[in-house]
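Colleague: One file: entry-v1.cif (mmCIF, C-alpha atoms).
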data_protein
loop_
_atom_site.label_atom_id
_atom_site.label_comp_id
_atom_site.auth_asym_id
_atom_site.auth_seq_id
_atom_site.Cartn_x
_atom_site.Cartn_y
_atom_site.Cartn_z
CA MET A 1 0.00 0.00 0.00
CA LYS A 2 2.80 2.45 0.89
CA ASN A 3 4.41 2.34 -2.55
CA LYS A 4 1.26 3.36 -4.45
CA PHE A 5 1.27 7.02 -3.51
CA ARG A 6 3.18 9.66 -5.51
CA TYR A 7 1.35 12.86 -4.73
CA ILE A 8 0.21 12.39 -1.14
CA TYR A 9 2.54 11.61 1.75
CA GLY A 10 2.36 10.98 5.46
CA PRO A 11 0.47 11.53 7.61
CA VAL A 12 3.28 13.03 9.66
CA PRO A 13 3.05 14.41 13.21
CA SER A 14 3.10 18.20 12.90
CA TRP A 15 3.65 20.63 15.76
CA ARG A 16 1.34 23.05 13.96
CA LEU A 17 -1.31 20.78 12.47
CA GLY A 18 -1.44 17.53 14.44
CA SER A 19 -1.72 14.55 12.09
CA SER A 20 -1.01 16.09 8.69
CA LEU A 21 -1.45 14.35 5.34
CA GLY A 22 0.67 16.15 2.78
CA ILE A 23 -0.27 16.91 -0.81
CA ASP A 24 2.48 17.68 -3.30
CA LEU A 25 1.15 19.38 -6.44
CA LEU A 26 4.75 19.93 -7.58
CA SER A 27 5.84 16.30 -7.52
CA GLN A 28 8.91 16.15 -9.73
CA LYS A 29 12.46 14.86 -9.35
CA GLY A 30 13.71 18.17 -7.91
CA LYS A 31 12.52 21.12 -5.88
CA ILE A 32 10.26 23.67 -7.62
CA CYS A 33 10.48 27.02 -5.89
CA ASN A 34 11.06 30.74 -6.31
CA PHE A 35 13.00 30.97 -3.02
CA ASP A 36 16.32 29.42 -2.07
CA CYS A 37 16.09 29.74 1.70
CA ILE A 38 19.39 29.20 3.45
CA TYR A 39 17.76 26.74 5.87
CA CYS A 40 15.68 24.68 3.39
CA GLN A 41 15.68 20.97 4.25
CA LEU A 42 15.10 20.13 0.57
CA GLY A 43 18.47 21.55 -0.45
CA LYS A 44 19.45 24.24 -2.92
CA THR A 45 17.06 25.61 -5.54
CA LYS A 46 18.88 24.75 -8.77
CA LYS A 47 16.50 26.62 -11.04
CA TYR A 48 13.99 29.25 -9.98
CA SER A 49 10.37 28.81 -11.03
CA GLN A 50 8.12 31.85 -11.14
CA ALA A 51 5.35 31.08 -13.65
CA ARG A 52 2.32 29.17 -12.41
CA LYS A 53 1.57 25.95 -14.28
CA ILE A 54 0.08 22.50 -13.74
CA TYR A 55 2.64 19.95 -12.61
CA VAL A 56 0.26 17.29 -11.29
CA PRO A 57 -3.23 16.98 -12.80
CA THR A 58 -5.93 17.27 -10.15
CA ARG A 59 -7.50 13.98 -11.26
CA LYS A 60 -4.30 12.07 -10.36
CA LEU A 61 -4.33 13.53 -6.87
CA ILE A 62 -7.99 12.61 -6.39
CA GLN A 63 -7.32 9.06 -7.60
CA GLU A 64 -4.81 8.63 -4.79
CA LEU A 65 -7.07 10.17 -2.15
CA LYS A 66 -9.88 7.79 -3.13
CA ILE A 67 -7.76 4.75 -2.24
CA LEU A 68 -6.43 6.23 1.00
CA PRO A 69 -6.96 3.78 3.88
CA ASP A 70 -9.04 4.74 6.92
CA ILE A 71 -6.50 6.62 9.04
CA LYS A 72 -6.64 9.49 11.52
CA ILE A 73 -5.97 12.84 9.80
CA ASP A 74 -6.39 16.32 11.34
CA TYR A 75 -5.38 18.36 8.28
CA ILE A 76 -4.81 17.73 4.61
CA THR A 77 -1.91 20.03 3.87
CA PHE A 78 -0.74 21.44 0.55
CA SER A 79 3.02 21.81 0.83
CA GLY A 80 5.47 19.43 -0.87
CA ARG A 81 8.75 19.92 -2.69
CA GLY A 82 8.65 23.66 -3.18
CA GLU A 83 6.13 26.52 -3.24
CA PRO A 84 2.55 25.18 -3.61
CA THR A 85 1.09 28.37 -5.09
CA LEU A 86 3.23 27.75 -8.19
CA ALA A 87 0.71 25.01 -8.99
CA LYS A 88 -1.86 26.66 -11.24
CA ASN A 89 -4.50 24.13 -10.19
CA LEU A 90 -4.14 24.79 -6.44
CA GLY A 91 -7.65 26.25 -6.13
CA GLU A 92 -9.21 23.50 -8.24
CA ALA A 93 -7.40 20.86 -6.19
CA ILE A 94 -8.61 22.32 -2.88
CA LYS A 95 -12.21 22.31 -4.13
CA GLU A 96 -11.94 18.71 -5.37
CA VAL A 97 -10.38 17.50 -2.11
CA LYS A 98 -13.15 19.19 -0.13
CA SER A 99 -15.75 17.41 -2.25
CA ILE A 100 -14.53 13.95 -1.14
CA ARG A 101 -12.89 14.53 2.26
CA GLU A 102 -14.13 16.02 5.53
CA GLU A 103 -10.81 17.13 7.00
CA ASN A 104 -9.75 20.76 7.18
CA ILE A 105 -7.42 22.00 4.44
CA ALA A 106 -4.15 23.80 5.19
CA VAL A 107 -1.70 25.49 2.83
CA ILE A 108 1.90 26.29 3.80
CA THR A 109 3.24 29.03 1.52
CA ASN A 110 6.20 31.38 1.30
CA GLY A 111 3.83 34.20 0.33
CA SER A 112 5.83 35.08 -2.78
CA LEU A 113 2.77 35.15 -5.05
CA ILE A 114 0.20 36.44 -2.60
CA GLY A 115 0.31 39.83 -4.28
CA LYS A 116 -1.65 38.22 -7.13
CA GLU A 117 -5.43 38.43 -6.76
CA GLN A 118 -5.98 34.96 -8.22
CA VAL A 119 -3.57 33.38 -5.73
CA ARG A 120 -5.34 35.11 -2.83
CA LYS A 121 -8.68 33.87 -4.15
CA GLU A 122 -7.42 30.28 -4.23
CA LEU A 123 -5.80 30.45 -0.79
CA LYS A 124 -9.08 31.67 0.70
CA LEU A 125 -10.56 28.24 -0.08
CA ALA A 126 -8.33 26.71 2.63
CA ASN A 127 -9.30 26.52 6.30
CA PHE A 128 -5.80 27.34 7.54
CA VAL A 129 -3.10 29.30 5.68
CA ILE A 130 0.43 29.44 7.07
CA ILE A 131 2.61 32.12 5.45
CA LYS A 132 6.35 32.29 5.87
CA LEU A 133 7.65 35.74 6.86
CA ASP A 134 11.29 35.30 7.89
CA ALA A 135 12.30 38.72 6.56
CA CYS A 136 11.36 42.22 7.65
CA SER A 137 12.83 44.10 4.66
CA GLN A 138 13.99 43.56 1.09
CA LYS A 139 17.56 43.29 2.36
CA SER A 140 16.77 40.50 4.82
CA LEU A 141 14.55 38.75 2.26
CA ILE A 142 17.52 38.52 -0.09
CA LYS A 143 19.84 37.42 2.71
CA ILE A 144 17.64 34.68 4.21
CA ASN A 145 15.15 33.59 1.55
CA ARG A 146 17.20 34.40 -1.57
CA PRO A 147 14.16 34.86 -3.87
CA SER A 148 14.04 35.10 -7.63
CA LYS A 149 14.76 38.66 -8.74
CA GLU A 150 11.10 39.53 -9.49
CA ILE A 151 10.01 39.12 -5.88
CA GLU A 152 9.79 42.19 -3.64
CA PHE A 153 9.23 42.24 0.10
CA ASN A 154 6.66 45.06 -0.01
CA ASN A 155 4.52 43.10 -2.48
CA ILE A 156 4.52 40.14 -0.09
CA LEU A 157 3.64 42.32 2.91
CA ASN A 158 0.85 44.18 1.09
CA GLY A 159 -0.45 40.91 -0.35
CA ILE A 160 -0.70 39.33 3.09
CA LYS A 161 -2.48 42.38 4.47
CA GLU A 162 -4.94 42.32 1.55
CA PHE A 163 -5.50 38.56 1.97
CA LYS A 164 -6.31 38.98 5.66
CA LYS A 165 -9.13 41.46 4.92
CA GLY A 166 -11.56 38.98 3.46
CA TYR A 167 -10.27 35.68 4.82
CA THR A 168 -12.61 33.81 7.17
CA GLY A 169 -10.26 30.94 7.98
CA LYS A 170 -7.22 30.85 10.27
CA LEU A 171 -4.12 32.79 9.24
CA ALA A 172 -0.69 32.17 10.76
CA LEU A 173 2.67 33.78 10.16
CA GLN A 174 5.60 31.41 10.40
CA ILE A 175 8.91 33.07 11.25
CA MET A 176 12.02 30.91 10.99
CA PHE A 177 14.48 32.42 13.44
CA ILE A 178 18.17 31.80 12.84
CA GLU A 179 21.36 33.75 13.52
CA GLU A 180 20.71 36.03 10.54
CA ASN A 181 17.42 37.46 11.84
CA LYS A 182 17.34 36.84 15.59
CA LYS A 183 18.26 40.47 16.29
CA SER A 184 15.27 41.74 14.30
CA ILE A 185 12.64 40.67 16.81
CA ASP A 186 11.20 44.17 17.24
CA GLU A 187 10.74 44.54 13.48
CA HIS A 188 8.98 41.17 13.29
CA ILE A 189 6.73 42.06 16.20
CA TYR A 190 5.81 45.33 14.47
CA LEU A 191 4.94 43.50 11.23
CA SER A 192 2.91 40.87 13.08
CA ASN A 193 0.89 43.53 14.88
CA TYR A 194 0.42 45.34 11.56
CA ILE A 195 -0.87 42.22 9.77
CA LYS A 196 -2.86 40.93 12.78
CA PRO A 197 -2.77 37.18 12.02
CA ASP A 198 -4.58 34.72 14.24
CA GLU A 199 -1.30 33.08 15.16
CA VAL A 200 2.46 33.61 15.02
CA GLN A 201 4.62 30.50 14.83
CA VAL A 202 8.11 31.05 16.25
CA ASN A 203 10.18 28.46 14.43
CA THR A 204 13.81 27.41 13.99
CA PRO A 205 15.13 24.68 11.66
CA LEU A 206 15.18 21.40 13.58
CA ARG A 207 15.41 19.21 10.46
CA ARG A 208 18.80 18.66 8.89
CA CYS A 209 19.83 21.66 6.75
CA ARG A 210 22.66 24.09 6.10
CA VAL A 211 22.22 26.26 9.21
CA LYS A 212 22.07 25.60 12.93
CA PRO A 213 18.85 26.04 14.90
CA LEU A 214 18.53 28.45 17.77
CA SER A 215 18.44 26.92 21.22
CA LYS A 216 15.26 26.30 23.19
CA GLU A 217 16.22 29.16 25.51
CA GLU A 218 16.63 31.60 22.61
CA ILE A 219 13.31 30.60 21.03
CA TYR A 220 11.46 30.92 24.33
CA ARG A 221 12.99 34.36 24.84
CA ILE A 222 11.75 35.41 21.39
CA LYS A 223 8.32 33.90 22.03
CA ASN A 224 7.99 35.80 25.30
CA ARG A 225 8.90 39.05 23.55
CA PHE A 226 6.05 38.45 21.12
CA ILE A 227 3.63 37.66 23.94
CA LEU A 228 4.52 40.81 25.87
CA ALA A 229 4.24 43.06 22.81
CA GLY A 230 1.41 41.25 21.06
CA LYS A 231 -2.17 42.37 20.62
CA GLY A 232 -4.24 39.26 21.26
CA ILE A 233 -2.32 37.12 18.76
CA ASN A 234 -1.74 33.49 19.69
CA ILE A 235 2.00 32.76 19.89
CA VAL A 236 3.38 29.22 19.59
CA SER A 237 6.88 27.85 19.18
CA VAL A 238 8.45 24.76 17.71
CA TYR A 239 9.83 23.87 21.15
CA ASP A 240 6.48 23.97 22.94
CA GLU A 241 5.57 20.69 24.57
CA ARG A 242 2.83 18.76 22.83
CA LEU A 243 1.35 15.31 23.10
CA PHE A 244 1.69 13.76 19.66
CA LYS A 245 -0.66 10.87 19.01
CA GLU A 246 0.72 7.90 17.14
CA VAL A 247 0.56 8.55 13.41
CA VAL A 248 0.38 5.75 10.85
CA SER A 249 1.97 6.80 7.55
CA VAL A 250 0.87 5.56 4.14
CA SER A 251 4.18 6.70 2.61
CA ASN A 252 7.36 4.72 2.44
CA GLU A 253 10.52 6.09 4.06
CA ASN A 254 12.11 7.25 0.81
CA THR A 255 9.06 9.34 -0.07
CA LEU A 256 9.21 11.14 3.27
CA LYS A 257 12.96 11.70 2.94
CA ARG A 258 12.57 13.32 -0.47
CA ARG A 259 10.16 15.82 1.05
CA GLY A 260 12.42 16.54 4.01
CA LYS A 261 10.01 15.07 6.55
CA ILE A 262 12.52 12.67 8.13
CA LYS A 263 16.30 12.55 8.26
#
I need this file expressed as C-alpha cells, please.

Modeller:
Amino acid sequence: MKNKFRYIYGPVPSWRLGSSLGIDLLSQKGKICNFDCIYCQLGKTKKYSQARKIYVPTRKLIQELKILPDIKIDYITFSGRGEPTLAKNLGEAIKEVKSIREENIAVITNGSLIGKEQVRKELKLANFVIIKLDACSQKSLIKINRPSKEIEFNNILNGIKEFKKGYTGKLALQIMFIEENKKSIDEHIYLSNYIKPDEVQVNTPLRRCRVKPLSKEEIYRIKNRFILAGKGINIVSVYDERLFKEVVSVSNENTLKRRGKIK
C-alpha cells in the first residue's frame, strides 16, 4: 500500500497541524520554488520557477485520495517539494479535495505570489493558511530567503495584508528564526501587529539543513517578547511541549525523505 502514492505523503506528526497528510502538487524529481532559503531541508534551488503551471493533474491527486486507507488525519496540507502556489491548479485541487474529504485543508506558503489576486482567491478556499515571513525588509529577504529577482518584500507584505481582509479561515505567520534574523525581533513584532494574524509560529530549523537552529532558551525568549508586545495574537513555538498521538503513515521512508520530513 505504501508504494502506491506519488502525490500524497504521510500523515506526519506536525507541531502546527497535528496529524497532517501532505499533498504535493509539484511532484517532480527536484525542488520547484522561487525561493532558495538558506535553511531549506530540501536543499538548494537549482532553477527558480516563477510562472504558475500545472505539474500534477488534479484527477491524479484525487485518484490517490480515493484509495487512501481509513486513518486518523487532522489536516490535509498542501506543501510538498517547493512553493505550492506555483501550482496553477491549487484552487481547483482544494475544491476537489473538499468534495470527497471532511478534514480541514491547510496550505503552507512562502507568500511570494500572494500579491496576485488569483492566488489570494485560491488560498481563501483553505481553512488554515500558514505564510512564511522570515524577513522584515527587502535586504533580509535577499539574505535569508534568496528569492528570484522579481520578488519584492513590499509586495509580499501588502499581499498578506490584503489577503487577511476577506479571509474567514485561520491565518498564521511562520517566522524561521536563525542567527541572521534573531536580532530583528522588534521589526517582526511590528509587522505581526500590523498584519494581525490569528497566530504567530516562532520556528527554527530542527530538520537537517545548512544552518544551525537556535536553542530552546533563545526561542522561548523570542516567544515571550512576542507575547509581551502582542495584541491578542496566539504565539506558539516549535519547542512547545505537545502530546503527539501515534501517526500511521501511508508513505514509504524514501518518499518522506525526499520531502524533508525525516532525516

Colleague: Would you compute the distance between CA of Asn158 (chain A) and CA of Arg16 (chain A)? Give it in Å to one decimal.

Modeller: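 Interatomic distance here is 24.7 Å.
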
Colleague: Using the chain letters and residue numbers of this document, give as a PyMOL selection string the residues selected by the PyMOL selection byres ((chain A and resi 76-93) around 6).

Modeller: chain A and resi 20-24+31-33+52-54+58+75+94-96+105-108+122+259

Colleague: Around all the atoms of region 138-150 of chain A listed in the file, with 4 Å of room on each side, what axis-aligned box do you get, giving centre and edge lengths in Å to one decimal, as lines of an AutoDock Vina configuration file?

Modeller:
center_x = 15.5
center_y = 38.6
center_z = -2.3
size_x = 16.7
size_y = 18.0
size_z = 22.3

Colleague: Would you work out the distance separating CA of Lys196 (chain A) from CA of Tyr39 (chain A), expressed in Å to one decimal?

Modeller: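 We find that CA of Lys196 (chain A) and CA of Tyr39 (chain A) lie 26.0 Å from each other.
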
Colleague: Could you tell me which residues the PyMOL selection byres ((chain A and resi 221-234) around 7) grabs in this file, written as a count of residues only?

Modeller: 14

Colleague: Care to translate the PyMOL selection byres ((chain A and resi 140) around 12) into actual residues of this file, as a ChimeraX atom specification?

Modeller: /A:37-38,133-139,141-147,152-153,178-184,187-188

Colleague: Which distance in Å separates CA of Arg120 (chain A) and CA of Phe163 (chain A), to one decimal?

Modeller: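 Calculated distance between CA of Arg120 (chain A) and CA of Phe163 (chain A) is 5.9 Å.
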
Colleague: Which residue, A:Leu25, A:Ile156, A:Val238, A:Cys40, has the smallest gap to Arg208 (chain A) when you use all atoms listed in the file?

Modeller: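 Looking only at the distances to Arg208 (chain A), the closest residue turns out to be A:Cys40.
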
Colleague: Around the point (-12.2, 36.7, 4.5) in the file's coordinates, collect all residues with an atom within 12 Å, using all atoms listed in the file, and return them as a compact mmCIF listing (two decimals) with C-alpha atoms, keeping the file's coordinate frame.

Modeller:
# COMPACT_ATOMS: atom_id res chain seq x y z
CA ARG A 120 -5.34 35.11 -2.83
CA LYS A 121 -8.68 33.87 -4.15
CA GLU A 122 -7.42 30.28 -4.23
CA LEU A 123 -5.80 30.45 -0.79
CA LYS A 124 -9.08 31.67 0.70
CA LEU A 125 -10.56 28.24 -0.08
CA ALA A 126 -8.33 26.71 2.63
CA ASN A 127 -9.30 26.52 6.30
CA PHE A 128 -5.80 27.34 7.54
CA VAL A 129 -3.10 29.30 5.68
CA ILE A 160 -0.70 39.33 3.09
CA LYS A 161 -2.48 42.38 4.47
CA GLU A 162 -4.94 42.32 1.55
CA PHE A 163 -5.50 38.56 1.97
CA LYS A 164 -6.31 38.98 5.66
CA LYS A 165 -9.13 41.46 4.92
CA GLY A 166 -11.56 38.98 3.46
CA TYR A 167 -10.27 35.68 4.82
CA THR A 168 -12.61 33.81 7.17
CA GLY A 169 -10.26 30.94 7.98
CA LYS A 170 -7.22 30.85 10.27
CA LEU A 171 -4.12 32.79 9.24

Colleague: Please tabulate, as a Markdown table, the residues of region 76-167 of chain A that come within 10 Å of region 63-68 of chain A, each with its closest pair of atoms and the distance in Å to one decimal, counting only C-alpha atoms and ordering rows by chain, then residue number upward.

Modeller:
| residue | atom | partner | partner_atom | distance |
| --- | --- | --- | --- | --- |
| A:Val97 | CA | A:Leu65 | CA | 8.0 |
| A:Ile100 | CA | A:Lys66 | CA | 8.0 |
| A:Arg101 | CA | A:Leu65 | CA | 8.5 |

Colleague: Please dump the current selection as a short mmCIF file (atom, residue, chain, number, x, y, z; two decimals), in the coordinates of the input; keep C-alpha atoms.

Modeller:
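What follows is the written file selection-v5.cif:
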data_model
loop_
_atom_site.label_atom_id
_atom_site.label_comp_id
_atom_site.auth_asym_id
_atom_site.auth_seq_id
_atom_site.Cartn_x
_atom_site.Cartn_y
_atom_site.Cartn_z
CA VAL A 97 -10.38 17.50 -2.11
CA ILE A 100 -14.53 13.95 -1.14
CA ARG A 101 -12.89 14.53 2.26
#

Colleague: Please produce region 222-248 of chain A, completed to N, CA and C atoms, as an mmCIF file, keeping the file's coordinate frame.

Modeller:
data_model
loop_
_atom_site.group_PDB
_atom_site.id
_atom_site.type_symbol
_atom_site.label_atom_id
_atom_site.label_comp_id
_atom_site.auth_asym_id
_atom_site.auth_seq_id
_atom_site.Cartn_x
_atom_site.Cartn_y
_atom_site.Cartn_z
ATOM 1 N N ILE A 222 12.414 34.726 22.501
ATOM 2 C CA ILE A 222 11.750 35.410 21.390
ATOM 3 C C ILE A 222 10.231 35.298 21.529
ATOM 4 N N LYS A 223 9.767 34.104 21.861
ATOM 5 C CA LYS A 223 8.320 33.900 22.030
ATOM 6 C C LYS A 223 7.760 34.827 23.105
ATOM 7 N N ASN A 224 8.468 34.939 24.218
ATOM 8 C CA ASN A 224 7.990 35.800 25.300
ATOM 9 C C ASN A 224 7.969 37.264 24.903
ATOM 10 N N ARG A 225 8.911 37.680 24.063
ATOM 11 C CA ARG A 225 8.900 39.050 23.550
ATOM 12 C C ARG A 225 7.639 39.305 22.727
ATOM 13 N N PHE A 226 7.269 38.330 21.917
ATOM 14 C CA PHE A 226 6.050 38.450 21.120
ATOM 15 C C PHE A 226 4.818 38.517 22.018
ATOM 16 N N ILE A 227 4.786 37.684 23.036
ATOM 17 C CA ILE A 227 3.630 37.660 23.940
ATOM 18 C C ILE A 227 3.471 38.992 24.647
ATOM 19 N N LEU A 228 4.569 39.557 25.128
ATOM 20 C CA LEU A 228 4.520 40.810 25.870
ATOM 21 C C LEU A 228 4.096 41.985 24.983
ATOM 22 N N ALA A 229 4.516 41.936 23.711
ATOM 23 C CA ALA A 229 4.240 43.060 22.810
ATOM 24 C C ALA A 229 3.044 42.808 21.896
ATOM 25 N N GLY A 230 2.482 41.624 21.972
ATOM 26 C CA GLY A 230 1.410 41.250 21.060
ATOM 27 C C GLY A 230 0.083 41.901 21.390
ATOM 28 N N LYS A 231 -0.847 41.776 20.451
ATOM 29 C CA LYS A 231 -2.170 42.370 20.620
ATOM 30 C C LYS A 231 -3.243 41.290 20.415
ATOM 31 N N GLY A 232 -3.249 40.321 21.327
ATOM 32 C CA GLY A 232 -4.240 39.260 21.260
ATOM 33 C C GLY A 232 -3.935 38.179 20.256
ATOM 34 N N ILE A 233 -2.715 38.137 19.736
ATOM 35 C CA ILE A 233 -2.320 37.120 18.760
ATOM 36 C C ILE A 233 -1.794 35.884 19.496
ATOM 37 N N ASN A 234 -2.243 34.717 19.090
ATOM 38 C CA ASN A 234 -1.740 33.490 19.690
ATOM 39 C C ASN A 234 -0.299 33.264 19.239
ATOM 40 N N ILE A 235 0.594 32.974 20.196
ATOM 41 C CA ILE A 235 2.000 32.760 19.890
ATOM 42 C C ILE A 235 2.387 31.336 20.270
ATOM 43 N N VAL A 236 2.927 30.590 19.323
ATOM 44 C CA VAL A 236 3.380 29.220 19.590
ATOM 45 C C VAL A 236 4.809 29.078 19.096
ATOM 46 N N SER A 237 5.507 28.075 19.630
ATOM 47 C CA SER A 237 6.880 27.850 19.180
ATOM 48 C C SER A 237 7.109 26.378 18.896
ATOM 49 N N VAL A 238 8.117 26.119 18.098
ATOM 50 C CA VAL A 238 8.450 24.760 17.710
ATOM 51 C C VAL A 238 8.909 23.932 18.900
ATOM 52 N N TYR A 239 9.358 24.584 19.961
ATOM 53 C CA TYR A 239 9.830 23.870 21.150
ATOM 54 C C TYR A 239 8.748 23.645 22.194
ATOM 55 N N ASP A 240 7.551 24.161 21.966
ATOM 56 C CA ASP A 240 6.480 23.970 22.940
ATOM 57 C C ASP A 240 6.178 22.486 23.104
ATOM 58 N N GLU A 241 5.876 22.085 24.306
ATOM 59 C CA GLU A 241 5.570 20.690 24.570
ATOM 60 C C GLU A 241 4.180 20.343 24.056
ATOM 61 N N ARG A 242 4.107 19.239 23.348
ATOM 62 C CA ARG A 242 2.830 18.760 22.830
ATOM 63 C C ARG A 242 2.759 17.256 22.951
ATOM 64 N N LEU A 243 1.549 16.752 23.090
ATOM 65 C CA LEU A 243 1.350 15.310 23.100
ATOM 66 C C LEU A 243 0.988 14.859 21.691
ATOM 67 N N PHE A 244 1.946 14.238 21.003
ATOM 68 C CA PHE A 244 1.690 13.760 19.660
ATOM 69 C C PHE A 244 1.088 12.351 19.714
ATOM 70 N N LYS A 245 -0.070 12.194 19.110
ATOM 71 C CA LYS A 245 -0.660 10.870 19.010
ATOM 72 C C LYS A 245 0.109 10.055 17.974
ATOM 73 N N GLU A 246 0.044 8.745 18.104
ATOM 74 C CA GLU A 246 0.720 7.900 17.140
ATOM 75 C C GLU A 246 0.118 8.099 15.754
ATOM 76 N N VAL A 247 0.994 8.301 14.779
ATOM 77 C CA VAL A 247 0.560 8.550 13.410
ATOM 78 C C VAL A 247 1.011 7.406 12.527
ATOM 79 N N VAL A 248 0.065 6.842 11.769
ATOM 80 C CA VAL A 248 0.380 5.750 10.850
ATOM 81 C C VAL A 248 0.524 6.333 9.452
#
